[in-house]
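Structure first, then comments.
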Number of protein chains: 4
Amino acid sequence: MPFVYRQKVLFQHCDPAGIVFYPRYMEMMNATVEEWFESRLKHSFAKMHGAMQAGVPTAELRVTFSAPSRLGDMLAISLYLRRLGRTSAGLEFVAECNGQVRLTMHSTLVFISFAEGRPQPWPPRLRTRLEAEVEPLAAPEPQP
Amino acid sequence: MPFVYRQKVLFQHCDPAGIVFYPRYMEMMNATVEEWFESRLKHSFAKMHGAMQAGVPTAELRVTFSAPSRLGDMLAISLYLRRLGRTSAGLEFVAECNGQVRLTMHSTLVFISFAEGRPQPWPPRLRTRLEAEVEPLAAPEPQP
Amino acid sequence: MPFVYRQKVLFQHCDPAGIVFYPRYMEMMNATVEEWFESRLKHSFAKMHGAMQAGVPTAELRVTFSAPSRLGDMLAISLYLRRLGRTSAGLEFVAECNGQVRLTMHSTLVFISFAEGRPQPWPPRLRTRLEAEVEPLAAPEPQP
Amino acid sequence: MPFVYRQKVLFQHCDPAGIVFYPRYMEMMNATVEEWFESRLKHSFAKMHGAMQAGVPTAELRVTFSAPSRLGDMLAISLYLRRLGRTSAGLEFVAECNGQVRLTMHSTLVFISFAEGRPQPWPPRLRTRLEAEVEPLAAPEPQP
């Protein structure tokens, strides 16, 4: 089951055309990751950036915007962990409103220790939690 | 009873010093007004900015920042309607975390119709709802 | 020659790790498009969103973040129009600081008239300007 | 002579009503302080937040919004140092476009060392620079 983050489209998210300004979607995706780390992986960003002196910056992302979102829309953002690497994680996000897909995003996060300043293997306890979350894409059905 | 809006301090709210960047607090205060309009006054921003072709811009504000907020803090933002004018409203906000006040803000909103482009009297139905919310500051105790 | 937009990394762009928060990069990319429309294409966003009642929302984007940017860095963001479609445009952005690439982004914009609410052919005058800007990627060198 | 920071109103600053969203003004005011520190006081935020391990958080502010700003407006934000305290500074900002005042803001900054976590006296070199910038409000003309 994916992690789902709910976000109402607020005034602050909307541009002069009355639709969500896309950098604001990126903030929502970041908040989704943040809540997933806290509630599912039991590693809050506060703890990671504080005591652990580590972070999970985004190395790459691809987004398709399918339909605009408007003031007051309630978005459900589903997060799937599609791939777990030694130092990275491949995520997929789908944001929907009333069953209509608004955007799909794929991103790669890397685990960075601030002291090293470059990608590090996931710490064992965090890695164990991540492994439990992996949900690869179903293989396509074999064609007859 | 004041309207209370809860907002966790997210990564996106924090600056390089690790505390909430004050323009981000202003976004939280705006979200508080927005939710108050929707849930208590039954006039959503979506309806106001859409069908009603009206808005409630801020004409002035005063803020005192008493203590910093950090990543992961859960803020409770209380909103009080202190004064109701013909075309304006005077609000007070208190943002707290675990009983510690983080900021206090006073602002004046005005009701604007986009067609007129200047302050207009509150529409009767909205005014009735606002009147039910007014909670003036307690008068100071009489001095002996 | 690409259009180049310069942006200093300000306090407001940086996160608690002291580096640019990626949604803030997206704002910089949007500002780059905006300035390109105004100074090279002679169609300001003010005119488009106002009198023309049209806009250029982003339909998709891909970003690779190669190296972090820090407070005070001066970024040079180069914009290349790589592909011009009937209703769309394919852009490439490269953001650099002192010759080091910080991010590369590819995006597809579409021209939307607000009345129609869906992609429309570029207006003739704007199309003429866009054609003058197209700079396809050089074909790879033939291999011996 | 005040320090003047110029900022064009960009798409990212505007709300669904087509005017600057007030938290975005606060970002502009912060950028004004930041550029003033770098160019007039010769203490960049990068240096302060880095090597000096210090910052200048805002302790209070008062804003009057006189007229809205729209997409494409070129704002000139004048900053005046009105009062210099042992650990604080009182600033006045006036943002104008074509001679029309859009907002006036008064704020109090405090100098904080991260190690101490509370207000500290301005370091001598910075204080000397600040003293050269003080421009108290002119005394009111004597009445006959």
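Chain identifiers are assigned as A, B, and so on, following the order in which chains appear in the structure tokens; residues are numbered from 1 within each chain, and ligands are numbered from 1 in order of appearance.
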Within 12 Å of chain C, which residues of chain A show up? Give each one with its shortest atom-to-atom distance in Å (one decimal) and the two atoms involved, counting only C-alpha atoms, rows by chain then rising residue number, as CSV.
```
residue,atom,partner,partner_atom,distance
A:Asp15,CA,C:His49,CA,10.7
A:Pro16,CA,C:His49,CA,7.8
A:Ala17,CA,C:His49,CA,7.4
A:Gly18,CA,C:Phe114,CA,10.6
A:Ile19,CA,C:Pro57,CA,9.7
A:Val20,CA,C:Pro57,CA,10.2
A:Phe21,CA,C:Pro57,CA,8.8
A:Tyr22,CA,C:Met26,CA,7.7
A:Pro23,CA,C:Pro23,CA,4.9
A:Arg24,CA,C:Pro23,CA,7.0
A:Tyr25,CA,C:Pro23,CA,8.2
A:Met26,CA,C:Pro23,CA,5.4
A:Glu27,CA,C:Pro23,CA,6.0
A:Met28,CA,C:Pro23,CA,9.5
A:Met29,CA,C:Pro23,CA,9.6
A:Asn30,CA,C:Pro23,CA,8.7
A:Ala31,CA,C:Pro23,CA,11.4
A:Phe45,CA,C:Pro16,CA,10.3
A:Ala46,CA,C:Pro16,CA,10.0
A:Met48,CA,C:Ala17,CA,10.8
A:His49,CA,C:Ala17,CA,7.4
A:Gly50,CA,C:Pro16,CA,9.7
A:Gln53,CA,C:Ala17,CA,9.1
A:Ala54,CA,C:Ala17,CA,8.8
A:Gly55,CA,C:Ala17,CA,7.8
A:Val56,CA,C:Ala17,CA,10.2
A:Pro57,CA,C:Tyr22,CA,8.7
A:Thr58,CA,C:Phe65,CA,7.3
A:Ala59,CA,C:Phe65,CA,5.1
A:Glu60,CA,C:Thr64,CA,4.4
A:Leu61,CA,C:Val63,CA,5.3
A:Arg62,CA,C:Arg62,CA,4.2
A:Val63,CA,C:Leu61,CA,5.3
A:Thr64,CA,C:Glu60,CA,4.4
A:Phe65,CA,C:Ala59,CA,5.1
A:Ser66,CA,C:Ala59,CA,7.1
A:Ala67,CA,C:Ala59,CA,8.8
A:Pro68,CA,C:Pro57,CA,9.2
A:Arg102,CA,C:Ala59,CA,10.8
A:Leu103,CA,C:Glu60,CA,9.2
A:Thr104,CA,C:Glu60,CA,9.5
A:Met105,CA,C:Leu61,CA,9.5
A:His106,CA,C:Arg62,CA,9.3
A:Ser107,CA,C:Val63,CA,9.3
A:Thr108,CA,C:Thr64,CA,9.6
A:Leu109,CA,C:Phe65,CA,10.6
A:Val110,CA,C:Phe65,CA,11.2
A:Ile112,CA,C:Ala17,CA,10.7
A:Ser113,CA,C:Ala17,CA,10.8
A:Phe114,CA,C:Ala17,CA,8.3
A:Ala115,CA,C:Ala17,CA,11.7
A:Gly117,CA,C:Pro68,CA,10.2
A:Arg118,CA,C:Ala67,CA,10.2
```
(message) I'd like the contact shell of Glu34 of chain D - 8 Å cut-off, only C-alpha atoms, skipping same-chain residues fewer than 2 positions apart - returned as a VMD selection string.
(response) (chain C and resid 10 to 11) or (chain D and resid 30 to 32 36 to 38 44 to 45)
(message) What's around segment 119-125 of chain D at 6 Å? Count only C-alpha atoms, leave out sequence neighbours fewer than 6 positions away in its own chain, and write the answer as number ranges by chain.
(response) D: 86-87, 111-112
Write out as a short mmCIF file (atom, residue, chain, number, x, y, z; two decimals) with N, CA, C and O atoms, in the first residue's frame all residues of chain C that backbone DSSP assigns to strand (DSSP E or B).
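This went into part-v4.cif:
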```cif
data_model
loop_
_atom_site.label_atom_id
_atom_site.label_comp_id
_atom_site.auth_asym_id
_atom_site.auth_seq_id
_atom_site.Cartn_x
_atom_site.Cartn_y
_atom_site.Cartn_z
N PHE C 3 19.92 32.43 -24.27
CA PHE C 3 19.52 33.50 -23.36
C PHE C 3 20.09 33.14 -21.99
O PHE C 3 20.00 31.99 -21.56
N VAL C 4 20.70 34.10 -21.32
CA VAL C 4 21.29 33.82 -20.00
C VAL C 4 20.65 34.71 -18.94
O VAL C 4 20.58 35.93 -19.10
N TYR C 5 20.18 34.09 -17.89
CA TYR C 5 19.56 34.79 -16.77
C TYR C 5 20.47 34.60 -15.56
O TYR C 5 20.88 33.48 -15.28
N ARG C 6 20.81 35.69 -14.90
CA ARG C 6 21.69 35.58 -13.74
C ARG C 6 20.90 35.72 -12.45
O ARG C 6 20.03 36.58 -12.34
N GLN C 7 21.20 34.88 -11.51
CA GLN C 7 20.46 34.88 -10.23
C GLN C 7 21.43 34.56 -9.11
O GLN C 7 22.04 33.48 -9.10
N LYS C 8 21.54 35.48 -8.17
CA LYS C 8 22.36 35.19 -7.00
C LYS C 8 21.56 34.28 -6.05
O LYS C 8 20.34 34.46 -5.91
N CYS C 14 17.59 29.01 0.29
CA CYS C 14 18.38 27.94 0.95
C CYS C 14 17.62 27.22 2.06
O CYS C 14 16.82 27.82 2.77
N ILE C 19 21.86 24.68 1.42
CA ILE C 19 21.92 24.62 -0.05
C ILE C 19 20.56 24.97 -0.65
O ILE C 19 19.55 24.98 0.06
N VAL C 20 20.56 25.25 -1.95
CA VAL C 20 19.30 25.65 -2.58
C VAL C 20 18.28 24.51 -2.49
O VAL C 20 18.58 23.37 -2.85
N ALA C 54 -3.75 34.43 -22.15
CA ALA C 54 -3.09 33.18 -22.52
C ALA C 54 -1.91 32.94 -21.59
O ALA C 54 -1.47 33.86 -20.88
N GLY C 55 -1.42 31.73 -21.60
CA GLY C 55 -0.27 31.39 -20.75
C GLY C 55 0.52 30.24 -21.34
O GLY C 55 0.12 29.67 -22.36
N THR C 58 3.76 24.53 -17.94
CA THR C 58 4.74 23.47 -18.16
C THR C 58 4.01 22.13 -18.18
O THR C 58 3.27 21.81 -17.26
N ALA C 59 4.23 21.36 -19.24
CA ALA C 59 3.55 20.06 -19.37
C ALA C 59 4.41 18.93 -18.82
O ALA C 59 3.88 17.95 -18.29
N GLU C 60 5.71 19.07 -18.96
CA GLU C 60 6.60 18.07 -18.36
C GLU C 60 7.98 18.66 -18.17
O GLU C 60 8.34 19.64 -18.83
N LEU C 61 8.74 18.05 -17.26
CA LEU C 61 10.10 18.49 -17.03
C LEU C 61 10.94 17.34 -16.49
O LEU C 61 10.43 16.39 -15.90
N ARG C 62 12.24 17.43 -16.80
CA ARG C 62 13.22 16.47 -16.29
C ARG C 62 14.39 17.29 -15.79
O ARG C 62 14.88 18.19 -16.49
N VAL C 63 14.84 16.98 -14.59
CA VAL C 63 15.94 17.74 -14.00
C VAL C 63 17.00 16.80 -13.47
O VAL C 63 16.68 15.78 -12.85
N THR C 64 18.26 17.14 -13.70
CA THR C 64 19.38 16.47 -13.07
C THR C 64 20.13 17.50 -12.23
O THR C 64 20.53 18.54 -12.75
N PHE C 65 20.24 17.22 -10.94
CA PHE C 65 20.96 18.11 -10.03
C PHE C 65 22.37 17.56 -9.87
O PHE C 65 22.56 16.48 -9.30
N ARG C 70 25.14 27.18 -3.03
CA ARG C 70 25.13 27.72 -1.68
C ARG C 70 24.88 29.23 -1.66
O ARG C 70 25.07 29.91 -2.67
N MET C 74 26.67 32.93 -7.50
CA MET C 74 26.05 33.62 -8.62
C MET C 74 25.82 32.60 -9.73
O MET C 74 26.78 32.07 -10.30
N LEU C 75 24.55 32.33 -10.00
CA LEU C 75 24.21 31.34 -11.02
C LEU C 75 23.99 32.01 -12.38
O LEU C 75 23.38 33.08 -12.46
N ALA C 76 24.47 31.36 -13.42
CA ALA C 76 24.17 31.77 -14.79
C ALA C 76 23.31 30.66 -15.38
O ALA C 76 23.78 29.52 -15.50
N ILE C 77 22.07 30.99 -15.71
CA ILE C 77 21.14 29.98 -16.22
C ILE C 77 20.96 30.22 -17.72
O ILE C 77 20.42 31.25 -18.13
N SER C 78 21.45 29.29 -18.53
CA SER C 78 21.32 29.40 -19.98
C SER C 78 20.08 28.66 -20.43
O SER C 78 19.83 27.54 -19.98
N LEU C 79 19.31 29.30 -21.31
CA LEU C 79 18.09 28.70 -21.84
C LEU C 79 18.25 28.51 -23.34
O LEU C 79 18.62 29.46 -24.05
N TYR C 80 17.96 27.31 -23.82
CA TYR C 80 18.02 26.99 -25.25
C TYR C 80 16.65 26.49 -25.69
O TYR C 80 16.07 25.62 -25.02
N LEU C 81 16.16 27.00 -26.79
CA LEU C 81 14.93 26.47 -27.38
C LEU C 81 15.36 25.34 -28.32
O LEU C 81 15.94 25.58 -29.37
N ARG C 82 15.08 24.11 -27.93
CA ARG C 82 15.58 22.95 -28.67
C ARG C 82 14.58 22.44 -29.69
O ARG C 82 14.97 21.77 -30.66
N ARG C 83 13.31 22.70 -29.48
CA ARG C 83 12.29 22.14 -30.36
C ARG C 83 11.07 23.04 -30.33
O ARG C 83 10.64 23.46 -29.27
N LEU C 84 10.53 23.32 -31.52
CA LEU C 84 9.33 24.15 -31.59
C LEU C 84 8.24 23.34 -32.26
O LEU C 84 8.37 22.93 -33.42
N SER C 88 3.60 23.74 -28.82
CA SER C 88 4.51 23.51 -27.70
C SER C 88 5.93 23.97 -28.00
O SER C 88 6.25 24.34 -29.15
N ALA C 89 6.77 23.94 -26.98
CA ALA C 89 8.18 24.30 -27.14
C ALA C 89 8.99 23.44 -26.19
O ALA C 89 8.60 23.25 -25.02
N GLY C 90 10.11 22.91 -26.68
CA GLY C 90 10.99 22.10 -25.85
C GLY C 90 12.22 22.91 -25.46
O GLY C 90 12.96 23.38 -26.32
N LEU C 91 12.40 23.10 -24.17
CA LEU C 91 13.48 23.96 -23.67
C LEU C 91 14.54 23.15 -22.95
O LEU C 91 14.24 22.11 -22.34
N GLU C 92 15.76 23.64 -22.99
CA GLU C 92 16.84 23.08 -22.16
C GLU C 92 17.44 24.22 -21.35
O GLU C 92 17.66 25.32 -21.87
N PHE C 93 17.68 23.95 -20.09
CA PHE C 93 18.29 24.93 -19.19
C PHE C 93 19.56 24.31 -18.61
O PHE C 93 19.56 23.13 -18.22
N VAL C 94 20.60 25.12 -18.51
CA VAL C 94 21.81 24.69 -17.81
C VAL C 94 22.17 25.80 -16.82
O VAL C 94 22.38 26.95 -17.22
N ALA C 95 22.20 25.46 -15.54
CA ALA C 95 22.57 26.45 -14.51
C ALA C 95 23.99 26.16 -14.05
O ALA C 95 24.31 25.03 -13.66
N GLU C 96 24.83 27.17 -14.13
CA GLU C 96 26.24 27.01 -13.79
C GLU C 96 26.70 28.08 -12.81
O GLU C 96 26.12 29.16 -12.74
N CYS C 97 27.76 27.75 -12.08
CA CYS C 97 28.41 28.73 -11.21
C CYS C 97 29.91 28.52 -11.37
O CYS C 97 30.40 27.40 -11.14
N GLN C 100 30.99 25.41 -13.15
CA GLN C 100 30.52 24.11 -12.68
C GLN C 100 29.01 24.01 -12.91
O GLN C 100 28.26 24.89 -12.46
N VAL C 101 28.58 22.94 -13.58
CA VAL C 101 27.15 22.75 -13.80
C VAL C 101 26.48 22.35 -12.49
O VAL C 101 26.95 21.45 -11.80
N ARG C 102 25.42 23.04 -12.16
CA ARG C 102 24.66 22.75 -10.94
C ARG C 102 23.40 21.94 -11.26
O ARG C 102 23.03 21.05 -10.51
N LEU C 103 22.74 22.29 -12.35
CA LEU C 103 21.60 21.49 -12.77
C LEU C 103 21.36 21.66 -14.25
O LEU C 103 21.72 22.68 -14.85
N THR C 104 20.76 20.63 -14.83
CA THR C 104 20.31 20.66 -16.22
C THR C 104 18.84 20.31 -16.20
O THR C 104 18.44 19.38 -15.48
N MET C 105 18.04 21.07 -16.93
CA MET C 105 16.60 20.80 -16.96
C MET C 105 16.12 20.83 -18.40
O MET C 105 16.57 21.64 -19.20
N HIS C 106 15.23 19.91 -18.72
CA HIS C 106 14.51 19.92 -19.99
C HIS C 106 13.04 20.07 -19.67
O HIS C 106 12.54 19.35 -18.79
N SER C 107 12.36 20.96 -20.37
CA SER C 107 10.93 21.10 -20.11
C SER C 107 10.17 21.30 -21.41
O SER C 107 10.75 21.68 -22.43
N THR C 108 8.89 20.99 -21.35
CA THR C 108 8.00 21.25 -22.48
C THR C 108 6.93 22.22 -22.02
O THR C 108 6.22 21.96 -21.03
N LEU C 109 6.85 23.35 -22.71
CA LEU C 109 5.79 24.33 -22.45
C LEU C 109 4.71 24.17 -23.51
O LEU C 109 5.01 23.81 -24.64
N VAL C 110 3.49 24.50 -23.15
CA VAL C 110 2.43 24.54 -24.16
C VAL C 110 1.75 25.90 -24.10
O VAL C 110 1.67 26.53 -23.04
N ILE C 112 -1.46 28.00 -24.14
CA ILE C 112 -2.88 27.78 -23.78
C ILE C 112 -3.62 29.11 -23.86
O ILE C 112 -3.14 30.11 -23.33
N SER C 113 -4.76 29.10 -24.50
CA SER C 113 -5.63 30.28 -24.40
C SER C 113 -6.60 29.99 -23.26
O SER C 113 -7.14 28.88 -23.16
N PRO C 119 -4.32 23.44 -25.37
CA PRO C 119 -3.24 23.93 -26.24
C PRO C 119 -3.76 24.51 -27.55
O PRO C 119 -4.69 23.97 -28.16
N VAL C 134 15.20 29.05 -32.24
CA VAL C 134 15.44 27.60 -32.21
C VAL C 134 16.91 27.29 -32.44
O VAL C 134 17.53 27.82 -33.35
#
```
(message) As an exercise, work out the distance from atom CA of Glu131 of chain B to atom CA of Met52 of chain B in Å and give it to one decimal place.
(response)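 These atoms are spaced 20.0 Å apart.
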(request) Pull the alpha helix (DSSP H) assignments for segment 92-143 of chain C out of DSSP run on the backbone, and list those residues as a PyMOL selection string. (result) chain C and resi 124-133
(message) Report, in Å with one decimal, the straight-line distance from atom CA of Pro2 of chain A to atom CA of Glu133 of chain A.
(response) 8.4 Å
